[in-house]
$ cat start-v6.cif   # mmCIF, C-alpha atoms and all ligand atoms; chains and numbers go by the auth columns
data_coords
#
loop_
_atom_site.group_PDB
_atom_site.id
_atom_site.type_symbol
_atom_site.label_atom_id
_atom_site.label_comp_id
_atom_site.label_asym_id
_atom_site.label_seq_id
_atom_site.Cartn_x
_atom_site.Cartn_y
_atom_site.Cartn_z
_atom_site.B_iso_or_equiv
_atom_site.auth_seq_id
_atom_site.auth_asym_id
ATOM 1 C CA MET A 1 40.529 82.529 -46.400 0.00 29 G
ATOM 2 C CA ASP A 2 37.745 84.985 -47.186 0.00 30 G
ATOM 3 C CA GLN A 3 34.457 84.304 -48.983 0.00 31 G
ATOM 4 C CA GLU A 4 35.719 85.851 -52.227 0.00 32 G
ATOM 5 C CA ARG A 5 38.623 83.390 -52.418 0.00 33 G
ATOM 6 C CA LEU A 6 36.285 80.495 -51.680 0.00 34 G
ATOM 7 C CA GLU A 7 34.113 81.572 -54.619 0.00 35 G
ATOM 8 C CA GLU A 8 37.228 81.677 -56.868 0.00 36 G
ATOM 9 C CA LEU A 9 38.165 78.173 -55.778 0.00 37 G
ATOM 10 C CA LYS A 10 34.645 76.948 -56.565 0.00 38 G
ATOM 11 C CA GLU A 11 35.062 78.386 -60.050 0.00 39 G
ATOM 12 C CA TRP A 12 38.456 76.658 -60.360 0.00 40 G
ATOM 13 C CA PHE A 13 36.764 73.360 -59.451 0.00 41 G
ATOM 14 C CA SER A 14 34.180 73.739 -62.234 0.00 42 G
ATOM 15 C CA GLN A 15 36.827 74.519 -64.829 0.00 43 G
ATOM 16 C CA TYR A 16 39.108 71.686 -63.735 0.00 44 G
ATOM 17 C CA VAL A 17 36.306 69.146 -63.813 0.00 45 G
ATOM 18 C CA ALA A 18 35.065 70.349 -67.212 0.00 46 G
ATOM 19 C CA LYS A 19 38.496 69.510 -68.652 0.00 47 G
ATOM 20 C CA CYS A 20 38.316 65.929 -67.334 0.00 48 G
ATOM 21 C CA TYR A 21 35.347 65.010 -69.552 0.00 49 G
ATOM 22 C CA GLY A 22 35.561 63.731 -73.097 0.00 50 G
ATOM 23 C CA GLY A 23 36.839 60.126 -72.897 0.00 51 G
ATOM 24 C CA ASN A 24 33.644 58.274 -73.784 0.00 52 G
ATOM 25 C CA ASP A 25 30.057 57.925 -72.505 0.00 53 G
ATOM 26 C CA TYR A 26 30.960 55.375 -69.854 0.00 54 G
ATOM 27 C CA VAL A 27 33.722 57.587 -68.460 0.00 55 G
ATOM 28 C CA ASN A 28 31.602 60.749 -68.659 0.00 56 G
ATOM 29 C CA THR A 29 28.669 59.126 -66.847 0.00 57 G
ATOM 30 C CA ASN A 30 30.945 58.077 -64.026 0.00 58 G
ATOM 31 C CA LEU A 31 32.645 61.491 -63.824 0.00 59 G
ATOM 32 C CA GLU A 32 29.264 63.262 -63.749 0.00 60 G
ATOM 33 C CA LEU A 33 28.331 61.189 -60.714 0.00 61 G
ATOM 34 C CA LYS A 34 31.382 62.438 -58.815 0.00 62 G
ATOM 35 C CA GLU A 35 31.002 66.047 -59.926 0.00 63 G
ATOM 36 C CA ALA A 36 27.383 66.152 -58.761 0.00 64 G
ATOM 37 C CA HIS A 37 28.384 64.317 -55.559 0.00 65 G
ATOM 38 C CA SER A 38 31.063 66.907 -54.741 0.00 66 G
ATOM 39 C CA LEU A 39 28.609 69.788 -55.195 0.00 67 G
ATOM 40 C CA ARG A 40 25.952 68.082 -53.083 0.00 68 G
ATOM 41 C CA VAL A 41 28.486 67.288 -50.341 0.00 69 G
ATOM 42 C CA CYS A 42 29.017 71.070 -50.154 0.00 70 G
ATOM 43 C CA ASP A 43 25.268 71.506 -49.611 0.00 71 G
ATOM 44 C CA GLU A 44 25.258 68.811 -46.937 0.00 72 G
ATOM 45 C CA MET A 45 28.310 70.377 -45.293 0.00 73 G
ATOM 46 C CA ARG A 46 26.528 73.745 -45.137 0.00 74 G
ATOM 47 C CA TYR A 47 23.514 71.975 -43.618 0.00 75 G
ATOM 48 C CA VAL A 48 25.614 70.291 -40.911 0.00 76 G
ATOM 49 C CA THR A 49 27.828 73.315 -40.096 0.00 77 G
ATOM 50 C CA GLY A 50 24.673 75.477 -40.105 0.00 78 G
ATOM 51 C CA HIS A 51 23.480 73.453 -37.108 0.00 79 G
ATOM 52 C CA LEU A 52 26.786 73.735 -35.225 0.00 80 G
ATOM 53 C CA GLU A 53 28.379 76.770 -33.629 0.00 81 G
ATOM 54 C CA LEU A 54 31.504 77.227 -35.726 0.00 82 G
ATOM 55 C CA SER A 55 33.260 80.413 -36.905 0.00 83 G
ATOM 56 C CA ALA A 56 32.679 81.782 -40.411 0.00 84 G
ATOM 57 C CA ASN A 57 36.261 80.798 -41.288 0.00 85 G
ATOM 58 C CA GLN A 58 35.729 77.239 -40.040 0.00 86 G
ATOM 59 C CA ASN A 59 32.566 77.047 -42.135 0.00 87 G
ATOM 60 C CA ARG A 60 34.480 78.149 -45.251 0.00 88 G
ATOM 61 C CA ILE A 61 37.310 75.669 -44.642 0.00 89 G
ATOM 62 C CA ALA A 62 34.721 72.915 -44.186 0.00 90 G
ATOM 63 C CA GLU A 63 33.070 73.873 -47.468 0.00 91 G
ATOM 64 C CA PHE A 64 36.421 73.894 -49.291 0.00 92 G
ATOM 65 C CA ILE A 65 37.156 70.395 -47.952 0.00 93 G
ATOM 66 C CA ALA A 66 33.694 69.255 -49.056 0.00 94 G
ATOM 67 C CA LEU A 67 34.180 70.492 -52.600 0.00 95 G
ATOM 68 C CA PHE A 68 37.706 69.112 -53.036 0.00 96 G
ATOM 69 C CA HIS A 69 37.655 65.925 -50.967 0.00 97 G
ATOM 70 C CA ASP A 70 37.138 63.764 -54.075 0.00 98 G
ATOM 71 C CA ILE A 71 39.000 65.860 -56.649 0.00 99 G
ATOM 72 C CA GLY A 72 41.359 62.888 -57.180 0.00 100 G
ATOM 73 C CA ARG A 73 38.408 60.792 -58.409 0.00 101 G
ATOM 74 C CA PHE A 74 38.603 62.467 -61.808 0.00 102 G
ATOM 75 C CA VAL A 75 42.221 61.413 -62.300 0.00 103 G
ATOM 76 C CA GLN A 76 41.448 57.966 -60.844 0.00 104 G
ATOM 77 C CA PHE A 77 38.643 57.158 -63.278 0.00 105 G
ATOM 78 C CA ASN A 78 40.340 58.633 -66.319 0.00 106 G
ATOM 79 C CA LYS A 79 43.500 56.682 -65.613 0.00 107 G
ATOM 80 C CA TYR A 80 42.181 53.379 -64.217 0.00 108 G
ATOM 81 C CA ARG A 81 38.506 53.251 -65.329 0.00 109 G
ATOM 82 C CA THR A 82 37.364 52.341 -61.823 0.00 110 G
ATOM 83 C CA TYR A 83 36.588 53.973 -58.481 0.00 111 G
ATOM 84 C CA ASN A 84 37.653 50.852 -56.626 0.00 112 G
ATOM 85 C CA ASP A 85 40.520 51.907 -54.344 0.00 113 G
ATOM 86 C CA ASN A 86 41.573 48.275 -53.985 0.00 114 G
ATOM 87 C CA LYS A 87 42.586 48.303 -57.640 0.00 115 G
ATOM 88 C CA THR A 88 44.212 51.764 -57.769 0.00 116 G
ATOM 89 C CA PRO A 89 46.207 54.113 -55.536 0.00 117 G
ATOM 90 C CA SER A 90 43.980 55.732 -52.878 0.00 118 G
ATOM 91 C CA HIS A 91 41.709 58.394 -54.315 0.00 119 G
ATOM 92 C CA CYS A 92 42.136 60.345 -51.053 0.00 120 G
ATOM 93 C CA LEU A 93 45.882 60.672 -51.684 0.00 121 G
ATOM 94 C CA MET A 94 45.233 61.458 -55.338 0.00 122 G
ATOM 95 C CA SER A 95 42.992 64.324 -54.186 0.00 123 G
ATOM 96 C CA ILE A 96 45.832 65.784 -52.120 0.00 124 G
ATOM 97 C CA GLU A 97 48.197 65.433 -55.071 0.00 125 G
ATOM 98 C CA VAL A 98 45.810 67.472 -57.231 0.00 126 G
ATOM 99 C CA LEU A 99 45.593 70.193 -54.549 0.00 127 G
ATOM 100 C CA LYS A 100 49.390 70.354 -54.317 0.00 128 G
ATOM 101 C CA GLU A 101 50.010 70.196 -58.049 0.00 129 G
ATOM 102 C CA HIS A 102 47.752 73.197 -58.580 0.00 130 G
ATOM 103 C CA ARG A 103 48.885 75.034 -55.406 0.00 131 G
ATOM 104 C CA LEU A 104 45.317 75.333 -54.173 0.00 132 G
ATOM 105 C CA LEU A 105 46.375 75.242 -50.526 0.00 133 G
ATOM 106 C CA ASN A 106 48.349 78.484 -50.877 0.00 134 G
ATOM 107 C CA SER A 107 45.173 80.341 -49.903 0.00 135 G
ATOM 108 C CA PHE A 108 45.367 78.907 -46.387 0.00 136 G
ATOM 109 C CA ASP A 109 47.743 79.402 -43.481 0.00 137 G
ATOM 110 C CA LYS A 110 49.999 76.575 -42.345 0.00 138 G
ATOM 111 C CA SER A 111 47.778 75.068 -39.679 0.00 139 G
ATOM 112 C CA GLU A 112 44.706 75.290 -41.936 0.00 140 G
ATOM 113 C CA ARG A 113 46.584 73.397 -44.665 0.00 141 G
ATOM 114 C CA ILE A 114 47.293 70.593 -42.210 0.00 142 G
ATOM 115 C CA TRP A 115 43.620 70.383 -41.173 0.00 143 G
ATOM 116 C CA ILE A 116 42.542 70.281 -44.822 0.00 144 G
ATOM 117 C CA GLU A 117 45.123 67.680 -45.851 0.00 145 G
ATOM 118 C CA LYS A 118 44.316 65.397 -42.945 0.00 146 G
ATOM 119 C CA ALA A 119 40.544 65.703 -43.476 0.00 147 G
ATOM 120 C CA ILE A 120 40.917 64.764 -47.143 0.00 148 G
ATOM 121 C CA GLN A 121 43.559 62.097 -46.596 0.00 149 G
ATOM 122 C CA TYR A 122 41.505 60.367 -43.905 0.00 150 G
ATOM 123 C CA HIS A 123 37.975 60.826 -45.268 0.00 151 G
ATOM 124 C CA GLY A 124 37.857 57.298 -46.674 0.00 152 G
ATOM 125 C CA LEU A 125 39.470 55.476 -43.737 0.00 153 G
ATOM 126 C CA LYS A 126 37.424 53.015 -41.754 0.00 154 G
ATOM 127 C CA VAL A 127 38.690 54.505 -38.488 0.00 155 G
ATOM 128 C CA LEU A 128 40.396 57.839 -37.858 0.00 156 G
ATOM 129 C CA PRO A 129 43.901 57.853 -36.323 0.00 157 G
ATOM 130 C CA ASP A 130 43.782 58.612 -32.592 0.00 158 G
ATOM 131 C CA ASN A 131 46.513 61.270 -32.555 0.00 159 G
ATOM 132 C CA LEU A 132 44.687 64.104 -34.316 0.00 160 G
ATOM 133 C CA SER A 133 44.485 67.635 -32.886 0.00 161 G
ATOM 134 C CA ALA A 134 41.044 68.931 -31.907 0.00 162 G
ATOM 135 C CA GLU A 135 40.817 71.111 -35.044 0.00 163 G
ATOM 136 C CA SER A 136 41.971 68.309 -37.353 0.00 164 G
ATOM 137 C CA LEU A 137 39.469 65.991 -35.768 0.00 165 G
ATOM 138 C CA LEU A 138 36.655 68.519 -36.254 0.00 166 G
ATOM 139 C CA PHE A 139 37.233 68.755 -40.018 0.00 167 G
ATOM 140 C CA CYS A 140 37.840 65.012 -40.370 0.00 168 G
ATOM 141 C CA LYS A 141 34.515 64.301 -38.691 0.00 169 G
ATOM 142 C CA LEU A 142 32.657 66.959 -40.675 0.00 170 G
ATOM 143 C CA ILE A 143 33.724 65.691 -44.094 0.00 171 G
ATOM 144 C CA ARG A 144 33.057 62.091 -43.170 0.00 172 G
ATOM 145 C CA ASP A 145 29.487 62.997 -42.164 0.00 173 G
ATOM 146 C CA ALA A 146 28.719 65.278 -45.120 0.00 174 G
ATOM 147 C CA ASP A 147 30.179 62.683 -47.505 0.00 175 G
ATOM 148 C CA LYS A 148 28.120 59.860 -46.032 0.00 176 G
ATOM 149 C CA ILE A 149 24.850 61.809 -46.197 0.00 177 G
ATOM 150 C CA ASP A 150 25.319 62.246 -49.918 0.00 178 G
ATOM 151 C CA ILE A 151 26.613 58.739 -50.480 0.00 179 G
ATOM 152 C CA TYR A 152 23.242 57.538 -49.152 0.00 180 G
ATOM 153 C CA TYR A 153 21.582 59.682 -51.817 0.00 181 G
ATOM 154 C CA VAL A 154 23.906 58.431 -54.569 0.00 182 G
ATOM 155 C CA VAL A 155 23.606 54.752 -53.767 0.00 183 G
ATOM 156 C CA THR A 156 19.837 54.754 -53.235 0.00 184 G
ATOM 157 C CA GLU A 157 19.418 56.580 -56.565 0.00 185 G
ATOM 158 C CA SER A 158 21.609 54.068 -58.361 0.00 186 G
ATOM 159 C CA TYR A 159 19.798 51.103 -56.752 0.00 187 G
ATOM 160 C CA ARG A 160 16.480 52.629 -57.845 0.00 188 G
ATOM 161 C CA GLN A 161 17.702 53.105 -61.391 0.00 189 G
ATOM 162 C CA TYR A 162 19.114 49.573 -61.564 0.00 190 G
ATOM 163 C CA ARG A 163 15.701 48.220 -60.470 0.00 191 G
ATOM 164 C CA ASP A 164 13.402 50.535 -62.463 0.00 192 G
ATOM 165 C CA GLU A 165 15.404 51.459 -65.561 0.00 193 G
ATOM 166 C CA PRO A 166 18.074 48.773 -65.944 0.00 194 G
ATOM 167 C CA GLU A 167 18.615 49.700 -69.595 0.00 195 G
ATOM 168 C CA LYS A 168 19.832 53.143 -68.499 0.00 196 G
ATOM 169 C CA PHE A 169 22.128 51.830 -65.792 0.00 197 G
ATOM 170 C CA LYS A 170 25.684 52.471 -66.923 0.00 198 G
ATOM 171 C CA LEU A 171 27.649 52.405 -63.689 0.00 199 G
ATOM 172 C CA GLU A 172 30.203 49.873 -62.628 0.00 200 G
ATOM 173 C CA LEU A 173 28.908 46.974 -60.453 0.00 201 G
ATOM 174 C CA GLU A 174 31.584 46.220 -57.902 0.00 202 G
ATOM 175 C CA PHE A 175 30.072 42.953 -56.657 0.00 203 G
ATOM 176 C CA PRO A 176 27.885 40.220 -58.185 0.00 204 G
ATOM 177 C CA ASP A 177 24.133 40.927 -58.001 0.00 205 G
ATOM 178 C CA ARG A 178 23.182 37.711 -56.224 0.00 206 G
ATOM 179 C CA PRO A 179 20.210 37.400 -53.831 0.00 207 G
ATOM 180 C CA GLU A 180 22.155 36.408 -50.733 0.00 208 G
ATOM 181 C CA CYS A 181 23.868 38.345 -47.938 0.00 209 G
ATOM 182 C CA SER A 182 26.981 36.783 -46.397 0.00 210 G
ATOM 183 C CA GLY A 183 26.451 35.425 -42.873 0.00 211 G
ATOM 184 C CA HIS A 184 29.494 37.192 -41.407 0.00 212 G
ATOM 185 C CA VAL A 185 28.257 40.554 -42.737 0.00 213 G
ATOM 186 C CA VAL A 186 24.750 40.073 -41.281 0.00 214 G
ATOM 187 C CA ASP A 187 26.189 38.943 -37.926 0.00 215 G
ATOM 188 C CA GLY A 188 28.690 41.787 -37.902 0.00 216 G
ATOM 189 C CA LEU A 189 25.936 44.346 -38.328 0.00 217 G
ATOM 190 C CA LEU A 190 23.692 42.755 -35.685 0.00 218 G
ATOM 191 C CA ASN A 191 26.601 42.595 -33.227 0.00 219 G
ATOM 192 C CA GLY A 192 27.627 46.205 -33.813 0.00 220 G
ATOM 193 C CA GLU A 193 31.002 45.242 -35.305 0.00 221 G
ATOM 194 C CA ARG A 194 32.793 47.070 -38.073 0.00 222 G
ATOM 195 C CA ILE A 195 32.331 45.428 -41.445 0.00 223 G
ATOM 196 C CA ASP A 196 35.430 45.044 -43.571 0.00 224 G
ATOM 197 C CA TYR A 197 35.095 45.987 -47.218 0.00 225 G
ATOM 198 C CA LYS A 198 37.571 43.235 -48.080 0.00 226 G
ATOM 199 C CA GLY A 199 35.173 40.562 -46.756 0.00 227 G
ATOM 200 C CA LEU A 200 32.279 41.571 -49.033 0.00 228 G
ATOM 201 C CA ARG A 201 31.050 38.975 -51.553 0.00 229 G
ATOM 202 C CA THR A 202 27.772 40.264 -52.998 0.00 230 G
ATOM 203 C CA TRP A 203 26.022 43.503 -53.867 0.00 231 G
ATOM 204 C CA ASN A 204 23.705 42.987 -50.878 0.00 232 G
ATOM 205 C CA ASP A 205 26.783 42.755 -48.621 0.00 233 G
ATOM 206 C CA LEU A 206 27.832 46.169 -49.909 0.00 234 G
ATOM 207 C CA LYS A 207 24.371 47.576 -49.086 0.00 235 G
ATOM 208 C CA LEU A 208 24.693 46.247 -45.536 0.00 236 G
ATOM 209 C CA LEU A 209 28.135 47.815 -45.207 0.00 237 G
ATOM 210 C CA GLN A 210 26.637 51.123 -46.353 0.00 238 G
ATOM 211 C CA LEU A 211 23.856 50.797 -43.762 0.00 239 G
ATOM 212 C CA SER A 212 26.437 50.211 -41.038 0.00 240 G
ATOM 213 C CA TRP A 213 27.895 53.677 -41.712 0.00 241 G
ATOM 214 C CA ILE A 214 25.178 55.272 -39.595 0.00 242 G
ATOM 215 C CA TYR A 215 27.194 54.043 -36.603 0.00 243 G
ATOM 216 C CA ASP A 216 30.118 56.176 -37.793 0.00 244 G
ATOM 217 C CA ILE A 217 28.154 59.431 -38.041 0.00 245 G
ATOM 218 C CA ASN A 218 29.668 62.011 -35.705 0.00 246 G
ATOM 219 C CA PHE A 219 27.196 64.897 -35.525 0.00 247 G
ATOM 220 C CA ILE A 220 23.526 64.583 -34.587 0.00 248 G
ATOM 221 C CA PRO A 221 22.390 67.056 -37.322 0.00 249 G
ATOM 222 C CA ALA A 222 23.915 64.691 -39.915 0.00 250 G
ATOM 223 C CA LEU A 223 22.011 61.759 -38.476 0.00 251 G
ATOM 224 C CA VAL A 224 18.800 63.784 -38.388 0.00 252 G
ATOM 225 C CA ARG A 225 19.341 64.668 -42.042 0.00 253 G
ATOM 226 C CA ILE A 226 19.815 61.012 -43.054 0.00 254 G
ATOM 227 C CA LYS A 227 16.668 60.076 -41.167 0.00 255 G
ATOM 228 C CA GLU A 228 14.591 62.964 -42.537 0.00 256 G
ATOM 229 C CA ARG A 229 15.547 62.245 -46.109 0.00 257 G
ATOM 230 C CA GLY A 230 14.350 58.672 -45.696 0.00 258 G
ATOM 231 C CA PHE A 231 17.604 57.086 -46.854 0.00 259 G
ATOM 232 C CA LEU A 232 17.473 54.210 -44.382 0.00 260 G
ATOM 233 C CA GLU A 233 13.991 53.133 -45.438 0.00 261 G
ATOM 234 C CA LEU A 234 15.116 53.369 -49.057 0.00 262 G
ATOM 235 C CA MET A 235 18.160 51.179 -48.419 0.00 263 G
ATOM 236 C CA PHE A 236 15.886 48.484 -46.980 0.00 264 G
ATOM 237 C CA GLU A 237 13.684 48.682 -50.057 0.00 265 G
ATOM 238 C CA PHE A 238 16.625 47.378 -52.094 0.00 266 G
ATOM 239 C CA LEU A 239 17.514 44.524 -49.744 0.00 267 G
ATOM 240 C CA PRO A 240 15.835 41.103 -49.566 0.00 268 G
ATOM 241 C CA LYS A 241 12.712 40.903 -47.361 0.00 269 G
ATOM 242 C CA SER A 242 14.183 38.114 -45.255 0.00 270 G
ATOM 243 C CA GLU A 243 13.977 37.507 -41.525 0.00 271 G
ATOM 244 C CA GLU A 244 17.629 38.424 -40.992 0.00 272 G
ATOM 245 C CA ILE A 245 17.256 41.720 -42.835 0.00 273 G
ATOM 246 C CA GLY A 246 14.086 42.388 -40.792 0.00 274 G
ATOM 247 C CA LYS A 247 16.162 42.040 -37.600 0.00 275 G
ATOM 248 C CA ILE A 248 18.787 44.429 -38.921 0.00 276 G
ATOM 249 C CA ARG A 249 16.091 46.938 -39.882 0.00 277 G
ATOM 250 C CA LYS A 250 14.553 46.856 -36.423 0.00 278 G
ATOM 251 C CA LYS A 251 17.917 47.366 -34.729 0.00 279 G
ATOM 252 C CA ILE A 252 19.007 50.229 -36.988 0.00 280 G
ATOM 253 C CA ILE A 253 15.718 52.132 -36.736 0.00 281 G
ATOM 254 C CA ALA A 254 15.697 51.762 -32.923 0.00 282 G
ATOM 255 C CA ASP A 255 19.345 52.877 -32.640 0.00 283 G
ATOM 256 C CA ILE A 256 18.942 55.918 -34.870 0.00 284 G
ATOM 257 C CA ASN A 257 15.778 56.998 -33.012 0.00 285 G
ATOM 258 C CA ALA A 258 17.666 56.725 -29.728 0.00 286 G
ATOM 259 C CA PHE A 259 20.646 58.739 -31.037 0.00 287 G
ATOM 260 C CA THR A 260 18.463 61.549 -32.375 0.00 288 G
ATOM 261 C CA ALA A 261 15.881 61.599 -29.557 0.00 289 G
ATOM 262 C CA GLY A 262 15.137 65.148 -28.495 0.00 290 G
ATOM 263 C CA SER A 263 16.823 66.814 -31.486 0.00 291 G
ATOM 264 C CA GLY A 264 15.952 67.915 -34.986 0.00 292 G
HETATM 265 FE FE FE B . 36.056 60.141 -51.336 0.00 301 W
#

$ encode --input "start-v6.cif" --output "structure tokens"
Amino acid sequence: MDQERLEELKEWFSQYVAKCYGGNDYVNTNLELKEAHSLRVCDEMRYVTGHLELSANQNRIAEFIALFHDIGRFVQFNKYRTYNDNKTPSHCLMSIEVLKEHRLLNSFDKSERIWIEKAIQYHGLKVLPDNLSAESLLFCKLIRDADKIDIYYVVTESYRQYRDEPEKFKLELEFPDRPECSGHVVDGLLNGERIDYKGLRTWNDLKLLQLSWIYDINFIPALVRIKERGFLELMFEFLPKSEEIGKIRKKIIADINAFTAGSG
């Protein structure tokens, strides 16, 4: 795919998304969040690929994946009024359905289509399958990193708004806003275990799960970016100032400094 075709596909994205608006303010606010997220994930993808030695074609494929990885979100929210994948079909699969329905993958050769489909299908999985080809794995890892960088921006912004301008906060709260963190989530994070979304009980548990994503970042430039933008410090601002959270903070800051030592 050449740069000109990528630009056409970006234009297609804008027109498609524009047609999804119109339901009501609540729907529009939620759709705007995902539209802006998709565009910023493209920026983050360019940042990460700009620090890696990939071909120009690989960079363009990565940017296409970044722009379209959540295209199914617009159908998901319009149809089900939630982004919670536990209550709807997977938004990752819905994204692939949109790409197929509109024949957007026709611009790519056969192997490229497979890399794109797998990267989008697997971007929301907790763990990637272990049978992926090297190229598939590259794009899977890239989108997961670029997505996470921006998710840190999105969630810290929404936590700030909820705290500072609660009257303007219109987004869906997935978990009760109670002061506690669940013991198994705190222990899981301190012990370096994966935290299961299904075991979350409170909004603070969700914040801890989001913090644990730094252990899933694949490329050092992505980690450097998260650190430089101050997202980790911000996440801790919105968590209780308890002893257990203090321990988690110390561990995460030490780990991230060790991972990024000598780079960035
Ligand atoms: Fe997604």

$ resolve_selection --input "start-v6.cif" --expression "the PyMOL selection byres (((chain G and resi 73) around 8) and not hetatm)" --output "ChimeraX atom specification"
/G:69-72,74-77,90-91,94,170-171,174

$ atom_distance --input "start-v6.cif" --atom1 "CA of Thr116 in chain G" --atom2 "CA of Asp175 in chain G"
20.5 Å

$ resolve_selection --input "start-v6.cif" --expression "the PyMOL selection byres (((not hetatm)) within 7 of (chain W and resi 301))" --output "ChimeraX atom specification"
/G:97-98,119-120,151-152

$ residues_near_point --input "start-v6.cif" --point "(40.6, 58.5, -65.0)" --cutoff "12 Å" --atoms "only C-alpha atoms" --output "JSON, numbers by chain"
{"G": [45, 47, 48, 49, 50, 51, 52, 54, 55, 56, 58, 59, 62, 99, 100, 101, 102, 103, 104, 105, 106, 107, 108, 109, 110, 111, 112, 116, 117, 119, 122]}

$ resolve_selection --input "start-v6.cif" --expression "the PyMOL selection byres (((chain G and resi 239-248) around 9) and not hetatm)" --output "JSON, numbers by chain"
{"G": [76, 80, 154, 155, 169, 170, 172, 173, 176, 180, 217, 220, 221, 222, 223, 234, 235, 236, 237, 238, 249, 250, 251, 252, 253, 254, 260, 263, 264, 280, 283, 284, 287, 288, 291, 292]}

$ closest_residue --input "start-v6.cif" --among "G:Leu127, G:Trp231, G:Ser135, G:Asp30" --to "Tyr190 in chain G" --atoms "all atoms listed in the file"
G:Trp231

$ atom_distance --input "start-v6.cif" --atom1 "CA of Ser210 in chain G" --atom2 "CA of Glu272 in chain G"
10.9 Å

$ residues_around --input "start-v6.cif" --residues "Arg229 in chain G" --least-positions-apart "5" --cutoff "10 Å" --atoms "only C-alpha atoms" --output "number ranges by chain"
G: 202-206, 208-210, 213, 234

$ closest_residue --input "start-v6.cif" --among "G:Leu267, G:Ala147, G:Leu166, G:Ala289" --to "Lys255 in chain G" --atoms "all atoms listed in the file"
G:Ala289

$ residues_around --input "start-v6.cif" --residues "Phe136 in chain G" --least-positions-apart "6" --cutoff "12 Å" --atoms "all atoms listed in the file" --output "compact mmCIF listing (two decimals) with C-alpha atoms, in the coordinates of the input"
# COMPACT_ATOMS: atom_id res chain seq x y z
CA MET G 29 40.53 82.53 -46.40
CA ASP G 30 37.74 84.98 -47.19
CA ARG G 33 38.62 83.39 -52.42
CA LEU G 34 36.28 80.50 -51.68
CA LEU G 37 38.16 78.17 -55.78
CA ASN G 85 36.26 80.80 -41.29
CA GLN G 86 35.73 77.24 -40.04
CA ARG G 88 34.48 78.15 -45.25
CA ILE G 89 37.31 75.67 -44.64
CA PHE G 92 36.42 73.89 -49.29
CA ILE G 93 37.16 70.40 -47.95
CA LEU G 127 45.59 70.19 -54.55
CA ILE G 142 47.29 70.59 -42.21
CA TRP G 143 43.62 70.38 -41.17
CA ILE G 144 42.54 70.28 -44.82
CA GLU G 145 45.12 67.68 -45.85

$ closest_residue --input "start-v6.cif" --among "G:Gln31, G:Ser66, G:Asn232, G:Gln149" --to "Ser118 in chain G" --atoms "all atoms listed in the file"
G:Gln149

$ atom_distance --input "start-v6.cif" --atom1 "CA of Phe266 in chain G" --atom2 "CA of Asn219 in chain G"
21.9 Å

$ closest_residue --input "start-v6.cif" --among "G:Lys138, G:Leu262, G:Thr57, G:Asn87" --to "Phe197 in chain G" --atoms "all atoms listed in the file"
G:Thr57

$ residues_near_point --input "start-v6.cif" --point "(17.9, 54.1, -53.6)" --cutoff "8 Å" --atoms "only C-alpha atoms" --output "ChimeraX atom specification"
/G:180-189,259,262-263,265-266

$ closest_residue --input "start-v6.cif" --among "G:Leu121, G:Leu133, G:Ala64, G:Ile177" --to "Leu153 in chain G" --atoms "all atoms listed in the file"
G:Leu121

$ build_atoms --input "start-v6.cif" --residues "range 80-91 of chain G" --atoms "N, CA and C atoms" --output "PDB file, in the frame of the given file"
ATOM      1  N   LEU G  80      25.737  73.781 -36.256  1.00  0.00           N
ATOM      2  CA  LEU G  80      26.786  73.735 -35.225  1.00  0.00           C
ATOM      3  C   LEU G  80      27.263  75.172 -35.004  1.00  0.00           C
ATOM      4  N   GLU G  81      27.928  75.396 -33.893  1.00  0.00           N
ATOM      5  CA  GLU G  81      28.379  76.770 -33.629  1.00  0.00           C
ATOM      6  C   GLU G  81      29.849  76.903 -33.981  1.00  0.00           C
ATOM      7  N   LEU G  82      30.127  77.081 -35.265  1.00  0.00           N
ATOM      8  CA  LEU G  82      31.504  77.227 -35.726  1.00  0.00           C
ATOM      9  C   LEU G  82      31.713  78.660 -36.210  1.00  0.00           C
ATOM     10  N   SER G  83      32.987  79.061 -36.396  1.00  0.00           N
ATOM     11  CA  SER G  83      33.260  80.413 -36.905  1.00  0.00           C
ATOM     12  C   SER G  83      33.007  80.445 -38.413  1.00  0.00           C
ATOM     13  N   ALA G  84      32.896  81.651 -38.962  1.00  0.00           N
ATOM     14  CA  ALA G  84      32.679  81.782 -40.411  1.00  0.00           C
ATOM     15  C   ALA G  84      33.867  81.183 -41.165  1.00  0.00           C
ATOM     16  N   ASN G  85      35.082  81.363 -40.630  1.00  0.00           N
ATOM     17  CA  ASN G  85      36.261  80.798 -41.288  1.00  0.00           C
ATOM     18  C   ASN G  85      36.234  79.264 -41.246  1.00  0.00           C
ATOM     19  N   GLN G  86      35.842  78.714 -40.125  1.00  0.00           N
ATOM     20  CA  GLN G  86      35.729  77.239 -40.040  1.00  0.00           C
ATOM     21  C   GLN G  86      34.691  76.733 -41.041  1.00  0.00           C
ATOM     22  N   ASN G  87      33.597  77.457 -41.168  1.00  0.00           N
ATOM     23  CA  ASN G  87      32.566  77.047 -42.135  1.00  0.00           C
ATOM     24  C   ASN G  87      33.120  77.052 -43.562  1.00  0.00           C
ATOM     25  N   ARG G  88      33.928  78.072 -43.885  1.00  0.00           N
ATOM     26  CA  ARG G  88      34.480  78.149 -45.251  1.00  0.00           C
ATOM     27  C   ARG G  88      35.497  77.035 -45.492  1.00  0.00           C
ATOM     28  N   ILE G  89      36.335  76.762 -44.497  1.00  0.00           N
ATOM     29  CA  ILE G  89      37.310  75.669 -44.642  1.00  0.00           C
ATOM     30  C   ILE G  89      36.561  74.348 -44.847  1.00  0.00           C
ATOM     31  N   ALA G  90      35.509  74.157 -44.068  1.00  0.00           N
ATOM     32  CA  ALA G  90      34.721  72.915 -44.186  1.00  0.00           C
ATOM     33  C   ALA G  90      34.130  72.806 -45.595  1.00  0.00           C
ATOM     34  N   GLU G  91      33.672  73.916 -46.139  1.00  0.00           N
ATOM     35  CA  GLU G  91      33.070  73.873 -47.468  1.00  0.00           C
ATOM     36  C   GLU G  91      34.135  73.597 -48.538  1.00  0.00           C
TER      37      GLU G  91
END
